[in-house]
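J.: Got a structure here, written out as structure tokens. Questions coming.
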Amino acid sequence: MAVLEIRTLPDPVLRRKAKRVTTIDGSIQKLIDDMIDTLRAVHGAGLAAPQIGVSLRIAVIGIPEKEVITLINPEIVRREGVRVVEEGCLSYPGYYGEIKRSEVVKVKAQNRQGKQFRLKGEELLAQALEHETDHLNGILYIDHVESPDKLWKVTSQDSEP
Ligand code: NI
């Protein structure tokens, strides 16, 4: 169990397409534990393995007051609707931006036991599913910001996103 350093831009690991996990062994279990510890330490909504320097398709999502969701090899199978959201990222600290995300997102993934499952998310969970799956493809939310005036610096009145 360990809290790991979060990689920030321009670290190239954030721009790499992460590899599929083929064997869920002890080292993967340790990695997931460390990701959950790190997510809790920074009070984040989600964390993808590339953000701690590991180019594998693993993400953890921690919506407040819900159990942490671990996603191995997640794939978005359906998106519905569009909504405008404000978003930030631990790998691009000090900023937040306005982007469009889906209202409903369905993913299929494996859990930490390797079992396939499907998950439907709305609102904050849908946003987190898209955000973390993007990370596994080397995409950050800033890539979805349509113009520079929709990206803001965090001021002292705002909390870090
Ligand atoms: Ni992020």
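The chains in the structure tokens are called A, B, ... from first to last as shown; in each chain the residues are counted from 1, and the ligands are counted from 1 in the order shown.
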Can you pull out the residues contacting region 57-60 of chain A? Cut-off 7 Å, using only C-alpha atoms, and skip same-chain residues under 4 positions away; I want them as a PDB file with all heavy atoms, in the first residue's frame.
T.:
ATOM      1  N   ALA A  18      -2.454   3.072 -23.531  1.00  0.00           N
ATOM      2  CA  ALA A  18      -2.059   2.059 -22.547  1.00  0.00           C
ATOM      3  C   ALA A  18      -2.371   0.652 -23.065  1.00  0.00           C
ATOM      4  O   ALA A  18      -3.284   0.456 -23.869  1.00  0.00           O
ATOM      5  CB  ALA A  18      -2.788   2.320 -21.231  1.00  0.00           C
ATOM      6  N   LYS A  19      -1.595  -0.309 -22.566  1.00  0.00           N
ATOM      7  CA  LYS A  19      -1.736  -1.715 -23.003  1.00  0.00           C
ATOM      8  C   LYS A  19      -2.818  -2.442 -22.205  1.00  0.00           C
ATOM      9  O   LYS A  19      -3.005  -2.183 -21.008  1.00  0.00           O
ATOM     10  CB  LYS A  19      -0.414  -2.463 -22.769  1.00  0.00           C
ATOM     11  CG  LYS A  19       0.681  -2.096 -23.731  1.00  0.00           C
ATOM     12  CD  LYS A  19       1.690  -3.265 -23.826  1.00  0.00           C
ATOM     13  CE  LYS A  19       2.791  -2.977 -24.828  1.00  0.00           C
ATOM     14  NZ  LYS A  19       3.841  -2.101 -24.290  1.00  0.00           N
ATOM     15  N   ARG A  20      -3.461  -3.391 -22.864  1.00  0.00           N
ATOM     16  CA  ARG A  20      -4.453  -4.236 -22.183  1.00  0.00           C
ATOM     17  C   ARG A  20      -3.772  -5.091 -21.118  1.00  0.00           C
ATOM     18  O   ARG A  20      -2.636  -5.522 -21.287  1.00  0.00           O
ATOM     19  CB  ARG A  20      -5.115  -5.184 -23.184  1.00  0.00           C
ATOM     20  CG  ARG A  20      -6.178  -4.541 -24.044  1.00  0.00           C
ATOM     21  CD  ARG A  20      -6.840  -5.578 -24.929  1.00  0.00           C
ATOM     22  NE  ARG A  20      -7.659  -6.509 -24.154  1.00  0.00           N
ATOM     23  CZ  ARG A  20      -8.908  -6.270 -23.780  1.00  0.00           C
ATOM     24  NH1 ARG A  20      -9.497  -5.139 -24.122  1.00  0.00           N
ATOM     25  NH2 ARG A  20      -9.579  -7.161 -23.080  1.00  0.00           N
ATOM     26  N   VAL A  21      -4.502  -5.342 -20.052  1.00  0.00           N
ATOM     27  CA  VAL A  21      -4.014  -6.238 -19.006  1.00  0.00           C
ATOM     28  C   VAL A  21      -4.413  -7.655 -19.404  1.00  0.00           C
ATOM     29  O   VAL A  21      -5.590  -7.915 -19.664  1.00  0.00           O
ATOM     30  CB  VAL A  21      -4.641  -5.873 -17.642  1.00  0.00           C
ATOM     31  CG1 VAL A  21      -4.215  -6.853 -16.560  1.00  0.00           C
ATOM     32  CG2 VAL A  21      -4.276  -4.447 -17.268  1.00  0.00           C
ATOM     33  N   ILE A  36      -5.779   3.067  -5.443  1.00  0.00           N
ATOM     34  CA  ILE A  36      -6.889   3.450  -4.554  1.00  0.00           C
ATOM     35  C   ILE A  36      -6.357   4.323  -3.405  1.00  0.00           C
ATOM     36  O   ILE A  36      -6.944   5.343  -3.055  1.00  0.00           O
ATOM     37  CB  ILE A  36      -7.639   2.204  -4.044  1.00  0.00           C
ATOM     38  CG1 ILE A  36      -8.365   1.513  -5.223  1.00  0.00           C
ATOM     39  CG2 ILE A  36      -8.642   2.572  -2.942  1.00  0.00           C
ATOM     40  CD1 ILE A  36      -8.954   0.144  -4.905  1.00  0.00           C
ATOM     41  N   GLY A  46     -11.250  10.119  -9.757  1.00  0.00           N
ATOM     42  CA  GLY A  46     -10.798   8.972 -10.533  1.00  0.00           C
ATOM     43  C   GLY A  46      -9.317   9.059 -10.812  1.00  0.00           C
ATOM     44  O   GLY A  46      -8.718  10.134 -10.705  1.00  0.00           O
ATOM     45  N   LEU A  47      -8.741   7.899 -11.119  1.00  0.00           N
ATOM     46  CA  LEU A  47      -7.311   7.840 -11.414  1.00  0.00           C
ATOM     47  C   LEU A  47      -7.079   6.696 -12.396  1.00  0.00           C
ATOM     48  O   LEU A  47      -7.598   5.594 -12.212  1.00  0.00           O
ATOM     49  CB  LEU A  47      -6.535   7.586 -10.112  1.00  0.00           C
ATOM     50  CG  LEU A  47      -5.014   7.672 -10.177  1.00  0.00           C
ATOM     51  CD1 LEU A  47      -4.564   9.125 -10.365  1.00  0.00           C
ATOM     52  CD2 LEU A  47      -4.382   7.086  -8.912  1.00  0.00           C
ATOM     53  N   ALA A  48      -6.290   6.979 -13.418  1.00  0.00           N
ATOM     54  CA  ALA A  48      -5.947   5.959 -14.410  1.00  0.00           C
ATOM     55  C   ALA A  48      -4.468   5.611 -14.252  1.00  0.00           C
ATOM     56  O   ALA A  48      -3.661   6.465 -13.876  1.00  0.00           O
ATOM     57  CB  ALA A  48      -6.226   6.490 -15.817  1.00  0.00           C
ATOM     58  N   ALA A  49      -4.127   4.348 -14.540  1.00  0.00           N
ATOM     59  CA  ALA A  49      -2.762   3.880 -14.306  1.00  0.00           C
ATOM     60  C   ALA A  49      -1.678   4.760 -14.970  1.00  0.00           C
ATOM     61  O   ALA A  49      -0.632   4.990 -14.358  1.00  0.00           O
ATOM     62  CB  ALA A  49      -2.623   2.420 -14.724  1.00  0.00           C
ATOM     63  N   VAL A  68     -15.290   2.411  -4.142  1.00  0.00           N
ATOM     64  CA  VAL A  68     -14.388   2.622  -5.287  1.00  0.00           C
ATOM     65  C   VAL A  68     -14.652   1.544  -6.342  1.00  0.00           C
ATOM     66  O   VAL A  68     -14.813   0.362  -6.016  1.00  0.00           O
ATOM     67  CB  VAL A  68     -12.913   2.588  -4.830  1.00  0.00           C
ATOM     68  CG1 VAL A  68     -11.971   2.613  -6.038  1.00  0.00           C
ATOM     69  CG2 VAL A  68     -12.601   3.766  -3.906  1.00  0.00           C
ATOM     70  N   ILE A  69     -14.732   1.963  -7.589  1.00  0.00           N
ATOM     71  CA  ILE A  69     -14.948   1.037  -8.705  1.00  0.00           C
ATOM     72  C   ILE A  69     -13.605   0.830  -9.404  1.00  0.00           C
ATOM     73  O   ILE A  69     -12.935   1.799  -9.764  1.00  0.00           O
ATOM     74  CB  ILE A  69     -15.960   1.618  -9.715  1.00  0.00           C
ATOM     75  CG1 ILE A  69     -17.290   1.918  -9.034  1.00  0.00           C
ATOM     76  CG2 ILE A  69     -16.158   0.669 -10.899  1.00  0.00           C
ATOM     77  CD1 ILE A  69     -18.205   2.821  -9.867  1.00  0.00           C
ATOM     78  N   THR A  70     -13.212  -0.424  -9.574  1.00  0.00           N
ATOM     79  CA  THR A  70     -11.991  -0.741 -10.310  1.00  0.00           C
ATOM     80  C   THR A  70     -12.378  -1.251 -11.691  1.00  0.00           C
ATOM     81  O   THR A  70     -13.228  -2.137 -11.815  1.00  0.00           O
ATOM     82  CB  THR A  70     -11.186  -1.829  -9.570  1.00  0.00           C
ATOM     83  OG1 THR A  70     -10.852  -1.333  -8.270  1.00  0.00           O
ATOM     84  CG2 THR A  70      -9.911  -2.173 -10.327  1.00  0.00           C
ATOM     85  N   LEU A  71     -11.755  -0.683 -12.697  1.00  0.00           N
ATOM     86  CA  LEU A  71     -12.039  -1.064 -14.085  1.00  0.00           C
ATOM     87  C   LEU A  71     -10.755  -1.545 -14.746  1.00  0.00           C
ATOM     88  O   LEU A  71      -9.771  -0.800 -14.822  1.00  0.00           O
ATOM     89  CB  LEU A  71     -12.569   0.140 -14.865  1.00  0.00           C
ATOM     90  CG  LEU A  71     -13.835   0.814 -14.332  1.00  0.00           C
ATOM     91  CD1 LEU A  71     -13.880   2.264 -14.768  1.00  0.00           C
ATOM     92  CD2 LEU A  71     -15.075   0.091 -14.819  1.00  0.00           C
ATOM     93  N   ILE A  72     -10.765  -2.786 -15.201  1.00  0.00           N
ATOM     94  CA  ILE A  72      -9.624  -3.320 -15.949  1.00  0.00           C
ATOM     95  C   ILE A  72     -10.083  -3.521 -17.389  1.00  0.00           C
ATOM     96  O   ILE A  72     -11.155  -4.078 -17.628  1.00  0.00           O
ATOM     97  CB  ILE A  72      -9.141  -4.651 -15.318  1.00  0.00           C
ATOM     98  CG1 ILE A  72      -8.699  -4.408 -13.868  1.00  0.00           C
ATOM     99  CG2 ILE A  72      -8.001  -5.252 -16.138  1.00  0.00           C
ATOM    100  CD1 ILE A  72      -8.333  -5.674 -13.100  1.00  0.00           C
ATOM    101  N   ASN A  73      -9.286  -3.020 -18.319  1.00  0.00           N
ATOM    102  CA  ASN A  73      -9.611  -3.082 -19.751  1.00  0.00           C
ATOM    103  C   ASN A  73     -11.003  -2.519 -20.067  1.00  0.00           C
ATOM    104  O   ASN A  73     -11.783  -3.151 -20.788  1.00  0.00           O
ATOM    105  CB  ASN A  73      -9.506  -4.520 -20.270  1.00  0.00           C
ATOM    106  CG  ASN A  73      -8.116  -5.100 -20.099  1.00  0.00           C
ATOM    107  OD1 ASN A  73      -7.112  -4.396 -20.259  1.00  0.00           O
ATOM    108  ND2 ASN A  73      -8.025  -6.383 -19.780  1.00  0.00           N
ATOM    109  N   GLU A 132     -11.709   8.808 -17.437  1.00  0.00           N
ATOM    110  CA  GLU A 132     -10.671   7.796 -17.151  1.00  0.00           C
ATOM    111  C   GLU A 132     -10.394   6.918 -18.376  1.00  0.00           C
ATOM    112  O   GLU A 132      -9.246   6.548 -18.617  1.00  0.00           O
ATOM    113  CB  GLU A 132     -11.064   6.945 -15.941  1.00  0.00           C
ATOM    114  CG  GLU A 132     -11.283   7.724 -14.641  1.00  0.00           C
ATOM    115  CD  GLU A 132     -10.196   8.727 -14.313  1.00  0.00           C
ATOM    116  OE1 GLU A 132      -9.017   8.504 -14.631  1.00  0.00           O
ATOM    117  OE2 GLU A 132     -10.542   9.781 -13.735  1.00  0.00           O
ATOM    118  N   LEU A 136      -6.684   6.287 -20.742  1.00  0.00           N
ATOM    119  CA  LEU A 136      -6.074   5.035 -21.214  1.00  0.00           C
ATOM    120  C   LEU A 136      -5.750   5.114 -22.707  1.00  0.00           C
ATOM    121  O   LEU A 136      -4.999   4.290 -23.229  1.00  0.00           O
ATOM    122  CB  LEU A 136      -6.994   3.852 -20.911  1.00  0.00           C
ATOM    123  CG  LEU A 136      -7.389   3.714 -19.428  1.00  0.00           C
ATOM    124  CD1 LEU A 136      -8.296   2.521 -19.239  1.00  0.00           C
ATOM    125  CD2 LEU A 136      -6.157   3.608 -18.530  1.00  0.00           C
TER     126      LEU A 136
END
J.: At a cut-off of 9 Å around ligand 1, and using only C-alpha atoms and all ligand atoms, what residues come up? Please write them as a ChimeraX atom specification.
T.: /A:44-48,51,87-92,128,131-132,134-135,140-141
J.: Take the residues from that selection and write them out as a short mmCIF file (atom, residue, chain, number, x, y, z; two decimals), in the first residue's frame, keeping C-alpha atoms.
T.:
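Below you can see again_4.cif, which holds the result:
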data_model
loop_
_atom_site.label_atom_id
_atom_site.label_comp_id
_atom_site.auth_asym_id
_atom_site.auth_seq_id
_atom_site.Cartn_x
_atom_site.Cartn_y
_atom_site.Cartn_z
CA GLY A 44 -9.78 12.59 -6.55
CA ALA A 45 -12.85 11.33 -8.42
CA GLY A 46 -10.80 8.97 -10.53
CA LEU A 47 -7.31 7.84 -11.41
CA ALA A 48 -5.95 5.96 -14.41
CA GLN A 51 -1.24 8.94 -14.22
CA GLU A 87 -13.81 19.40 -15.49
CA GLY A 88 -10.30 19.25 -14.11
CA CYS A 89 -7.55 16.66 -13.98
CA LEU A 90 -4.86 15.74 -11.43
CA SER A 91 -2.39 15.52 -14.32
CA TYR A 92 -3.06 19.12 -15.35
CA ALA A 128 -15.66 9.91 -14.73
CA HIS A 131 -12.52 10.90 -18.39
CA GLU A 132 -10.67 7.80 -17.15
CA ASP A 134 -9.79 8.78 -22.25
CA HIS A 135 -6.65 8.63 -20.07
CA LEU A 140 -6.87 14.53 -21.54
CA TYR A 141 -9.93 16.69 -20.98
#
J.: Mind the document's chain letters and residue numbers, and return as a CSV table (one decimal) with N, CA, C and O atoms, in the first residue's frame the residues of chain A that DSSP labels strand (DSSP E or B).
T.:
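Final output, saved to result15.csv:
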chain,number,residue,atom,x,y,z
A,19,LYS,N,-1.6,-0.3,-22.6
A,19,LYS,CA,-1.7,-1.7,-23.0
A,19,LYS,C,-2.8,-2.4,-22.2
A,19,LYS,O,-3.0,-2.2,-21.0
A,46,GLY,N,-11.2,10.1,-9.8
A,46,GLY,CA,-10.8,9.0,-10.5
A,46,GLY,C,-9.3,9.1,-10.8
A,46,GLY,O,-8.7,10.1,-10.7
A,47,LEU,N,-8.7,7.9,-11.1
A,47,LEU,CA,-7.3,7.8,-11.4
A,47,LEU,C,-7.1,6.7,-12.4
A,47,LEU,O,-7.6,5.6,-12.2
A,48,ALA,N,-6.3,7.0,-13.4
A,48,ALA,CA,-5.9,6.0,-14.4
A,48,ALA,C,-4.5,5.6,-14.3
A,48,ALA,O,-3.7,6.5,-13.9
A,56,LEU,N,-0.9,0.8,-18.5
A,56,LEU,CA,-1.8,-0.3,-18.5
A,56,LEU,C,-3.2,0.2,-18.4
A,56,LEU,O,-3.5,1.2,-17.8
A,58,ILE,N,-6.0,0.3,-16.7
A,58,ILE,CA,-6.6,0.1,-15.4
A,58,ILE,C,-7.0,1.5,-14.9
A,58,ILE,O,-6.2,2.5,-15.0
A,59,ALA,N,-8.2,1.6,-14.3
A,59,ALA,CA,-8.7,2.9,-13.7
A,59,ALA,C,-9.5,2.6,-12.5
A,59,ALA,O,-10.1,1.5,-12.4
A,60,VAL,N,-9.4,3.5,-11.6
A,60,VAL,CA,-10.3,3.5,-10.4
A,60,VAL,C,-11.1,4.7,-10.3
A,60,VAL,O,-10.6,5.8,-10.7
A,61,ILE,N,-12.3,4.6,-9.9
A,61,ILE,CA,-13.2,5.7,-9.8
A,61,ILE,C,-13.8,5.8,-8.4
A,61,ILE,O,-14.3,4.8,-7.9
A,69,ILE,N,-14.7,2.0,-7.6
A,69,ILE,CA,-14.9,1.0,-8.7
A,69,ILE,C,-13.6,0.8,-9.4
A,69,ILE,O,-12.9,1.8,-9.8
A,70,THR,N,-13.2,-0.4,-9.6
A,70,THR,CA,-12.0,-0.7,-10.3
A,70,THR,C,-12.4,-1.3,-11.7
A,70,THR,O,-13.2,-2.1,-11.8
A,71,LEU,N,-11.8,-0.7,-12.7
A,71,LEU,CA,-12.0,-1.1,-14.1
A,71,LEU,C,-10.8,-1.5,-14.7
A,71,LEU,O,-9.8,-0.8,-14.8
A,72,ILE,N,-10.8,-2.8,-15.2
A,72,ILE,CA,-9.6,-3.3,-15.9
A,72,ILE,C,-10.1,-3.5,-17.4
A,72,ILE,O,-11.2,-4.1,-17.6
A,73,ASN,N,-9.3,-3.0,-18.3
A,73,ASN,CA,-9.6,-3.1,-19.8
A,73,ASN,C,-11.0,-2.5,-20.1
A,73,ASN,O,-11.8,-3.2,-20.8
A,74,PRO,N,-11.3,-1.3,-19.5
A,74,PRO,CA,-12.7,-0.8,-19.8
A,74,PRO,C,-12.9,-0.4,-21.2
A,74,PRO,O,-11.9,0.1,-21.9
A,75,GLU,N,-14.1,-0.6,-21.7
A,75,GLU,CA,-14.5,-0.2,-23.1
A,75,GLU,C,-15.8,0.5,-23.0
A,75,GLU,O,-16.7,-0.1,-22.4
A,76,ILE,N,-15.9,1.6,-23.6
A,76,ILE,CA,-17.3,2.3,-23.6
A,76,ILE,C,-18.1,1.6,-24.8
A,76,ILE,O,-17.6,1.5,-25.9
A,77,VAL,N,-19.2,1.1,-24.4
A,77,VAL,CA,-20.0,0.4,-25.4
A,77,VAL,C,-21.2,1.3,-25.9
A,77,VAL,O,-21.9,1.0,-26.9
A,78,ARG,N,-21.6,2.3,-25.1
A,78,ARG,CA,-22.7,3.1,-25.5
A,78,ARG,C,-22.6,4.5,-24.8
A,78,ARG,O,-22.2,4.6,-23.6
A,79,ARG,N,-22.9,5.5,-25.5
A,79,ARG,CA,-23.0,6.9,-25.0
A,79,ARG,C,-24.4,7.5,-25.4
A,79,ARG,O,-24.8,7.3,-26.5
A,80,GLU,N,-25.0,8.2,-24.5
A,80,GLU,CA,-26.3,8.8,-24.8
A,80,GLU,C,-26.3,10.3,-24.3
A,80,GLU,O,-25.8,10.5,-23.2
A,83,ARG,N,-24.1,16.8,-22.4
A,83,ARG,CA,-24.2,17.8,-21.4
A,83,ARG,C,-22.9,18.6,-21.3
A,83,ARG,O,-21.8,18.0,-21.5
A,84,VAL,N,-23.0,19.9,-20.9
A,84,VAL,CA,-21.8,20.7,-20.7
A,84,VAL,C,-21.4,20.6,-19.3
A,84,VAL,O,-22.2,20.7,-18.3
A,85,VAL,N,-20.1,20.3,-19.0
A,85,VAL,CA,-19.6,20.1,-17.7
A,85,VAL,C,-18.4,20.9,-17.5
A,85,VAL,O,-17.7,21.3,-18.4
A,86,GLU,N,-18.0,21.2,-16.2
A,86,GLU,CA,-16.7,21.7,-15.8
A,86,GLU,C,-15.9,20.6,-15.3
A,86,GLU,O,-16.3,19.7,-14.6
A,87,GLU,N,-14.6,20.6,-15.8
A,87,GLU,CA,-13.8,19.4,-15.5
A,87,GLU,C,-12.4,19.8,-15.2
A,87,GLU,O,-11.9,20.9,-15.7
A,95,TYR,N,-5.9,24.1,-13.3
A,95,TYR,CA,-6.9,24.6,-14.3
A,95,TYR,C,-8.2,23.8,-14.3
A,95,TYR,O,-8.2,22.7,-13.8
A,96,TYR,N,-9.2,24.4,-14.8
A,96,TYR,CA,-10.4,23.6,-15.1
A,96,TYR,C,-11.0,24.2,-16.4
A,96,TYR,O,-10.7,25.3,-16.8
A,97,GLY,N,-11.8,23.4,-17.0
A,97,GLY,CA,-12.3,23.8,-18.3
A,97,GLY,C,-13.8,23.3,-18.5
A,97,GLY,O,-14.3,22.5,-17.8
A,98,GLU,N,-14.4,23.9,-19.6
A,98,GLU,CA,-15.8,23.6,-19.9
A,98,GLU,C,-15.7,22.7,-21.1
A,98,GLU,O,-15.1,23.1,-22.2
A,99,ILE,N,-16.3,21.5,-21.0
A,99,ILE,CA,-16.3,20.6,-22.2
A,99,ILE,C,-17.7,19.9,-22.2
A,99,ILE,O,-18.5,20.1,-21.4
A,100,LYS,N,-17.9,19.1,-23.3
A,100,LYS,CA,-19.1,18.4,-23.4
A,100,LYS,C,-18.8,16.9,-23.1
A,100,LYS,O,-17.8,16.3,-23.5
A,101,ARG,N,-19.7,16.3,-22.3
A,101,ARG,CA,-19.6,14.9,-22.0
A,101,ARG,C,-21.0,14.3,-22.2
A,101,ARG,O,-22.0,15.0,-22.4
A,104,VAL,N,-25.2,9.7,-20.4
A,104,VAL,CA,-25.2,8.3,-20.0
A,104,VAL,C,-24.1,7.6,-20.7
A,104,VAL,O,-23.9,7.8,-21.9
A,105,VAL,N,-23.3,6.8,-19.9
A,105,VAL,CA,-22.2,6.1,-20.5
A,105,VAL,C,-22.3,4.6,-20.0
A,105,VAL,O,-22.5,4.4,-18.8
A,106,LYS,N,-22.2,3.7,-20.9
A,106,LYS,CA,-22.2,2.3,-20.5
A,106,LYS,C,-20.8,1.7,-20.9
A,106,LYS,O,-20.3,1.9,-22.0
A,107,VAL,N,-20.2,1.0,-19.9
A,107,VAL,CA,-18.9,0.4,-20.2
A,107,VAL,C,-19.0,-1.1,-19.9
A,107,VAL,O,-19.8,-1.6,-19.1
A,108,LYS,N,-18.1,-1.8,-20.5
A,108,LYS,CA,-17.8,-3.2,-20.1
A,108,LYS,C,-16.4,-3.2,-19.7
A,108,LYS,O,-15.5,-2.5,-20.3
A,109,ALA,N,-16.1,-4.0,-18.7
A,109,ALA,CA,-14.7,-4.0,-18.1
A,109,ALA,C,-14.6,-5.3,-17.3
A,109,ALA,O,-15.5,-6.1,-17.2
A,110,GLN,N,-13.4,-5.6,-16.8
A,110,GLN,CA,-13.2,-6.7,-15.9
A,110,GLN,C,-13.0,-6.1,-14.5
A,110,GLN,O,-12.4,-5.0,-14.3
A,116,GLN,N,-15.8,-10.3,-16.1
A,116,GLN,CA,-16.4,-9.2,-16.9
A,116,GLN,C,-17.7,-8.7,-16.3
A,116,GLN,O,-18.5,-9.4,-15.7
A,117,PHE,N,-17.8,-7.4,-16.3
A,117,PHE,CA,-19.1,-6.8,-15.9
A,117,PHE,C,-19.4,-5.6,-16.7
A,117,PHE,O,-18.6,-5.1,-17.5
A,118,ARG,N,-20.7,-5.2,-16.7
A,118,ARG,CA,-21.1,-4.0,-17.4
A,118,ARG,C,-21.6,-3.0,-16.3
A,118,ARG,O,-22.1,-3.3,-15.3
A,119,LEU,N,-21.4,-1.7,-16.7
A,119,LEU,CA,-21.8,-0.6,-15.7
A,119,LEU,C,-22.4,0.5,-16.5
A,119,LEU,O,-21.8,0.9,-17.5
A,120,LYS,N,-23.5,1.0,-16.0
A,120,LYS,CA,-24.1,2.2,-16.6
A,120,LYS,C,-23.9,3.4,-15.7
A,120,LYS,O,-24.2,3.2,-14.5
A,121,GLY,N,-23.4,4.5,-16.2
A,121,GLY,CA,-23.2,5.6,-15.3
A,121,GLY,C,-24.0,6.8,-15.9
A,121,GLY,O,-24.1,7.0,-17.1
A,122,GLU,N,-24.5,7.7,-14.9
A,122,GLU,CA,-25.1,8.9,-15.3
A,122,GLU,C,-24.4,10.0,-14.6
A,122,GLU,O,-23.7,9.8,-13.6
A,151,LEU,N,-11.0,27.5,-20.9
A,151,LEU,CA,-10.1,26.9,-20.0
A,151,LEU,C,-9.6,28.0,-19.0
A,151,LEU,O,-9.2,29.0,-19.4
A,152,TRP,N,-9.8,27.7,-17.7
A,152,TRP,CA,-9.6,28.7,-16.7
A,152,TRP,C,-8.5,28.3,-15.7
A,152,TRP,O,-8.5,27.1,-15.3
A,153,LYS,N,-7.8,29.2,-15.1
A,153,LYS,CA,-6.9,28.9,-14.0
A,153,LYS,C,-7.8,28.9,-12.7
A,153,LYS,O,-8.7,29.6,-12.6
J.: Could you pull out the alpha helix (DSSP H) residues of region 14-137 of chain A from DSSP and send them as a PyMOL selection string?
T.: chain A and resi 26-42+123-136
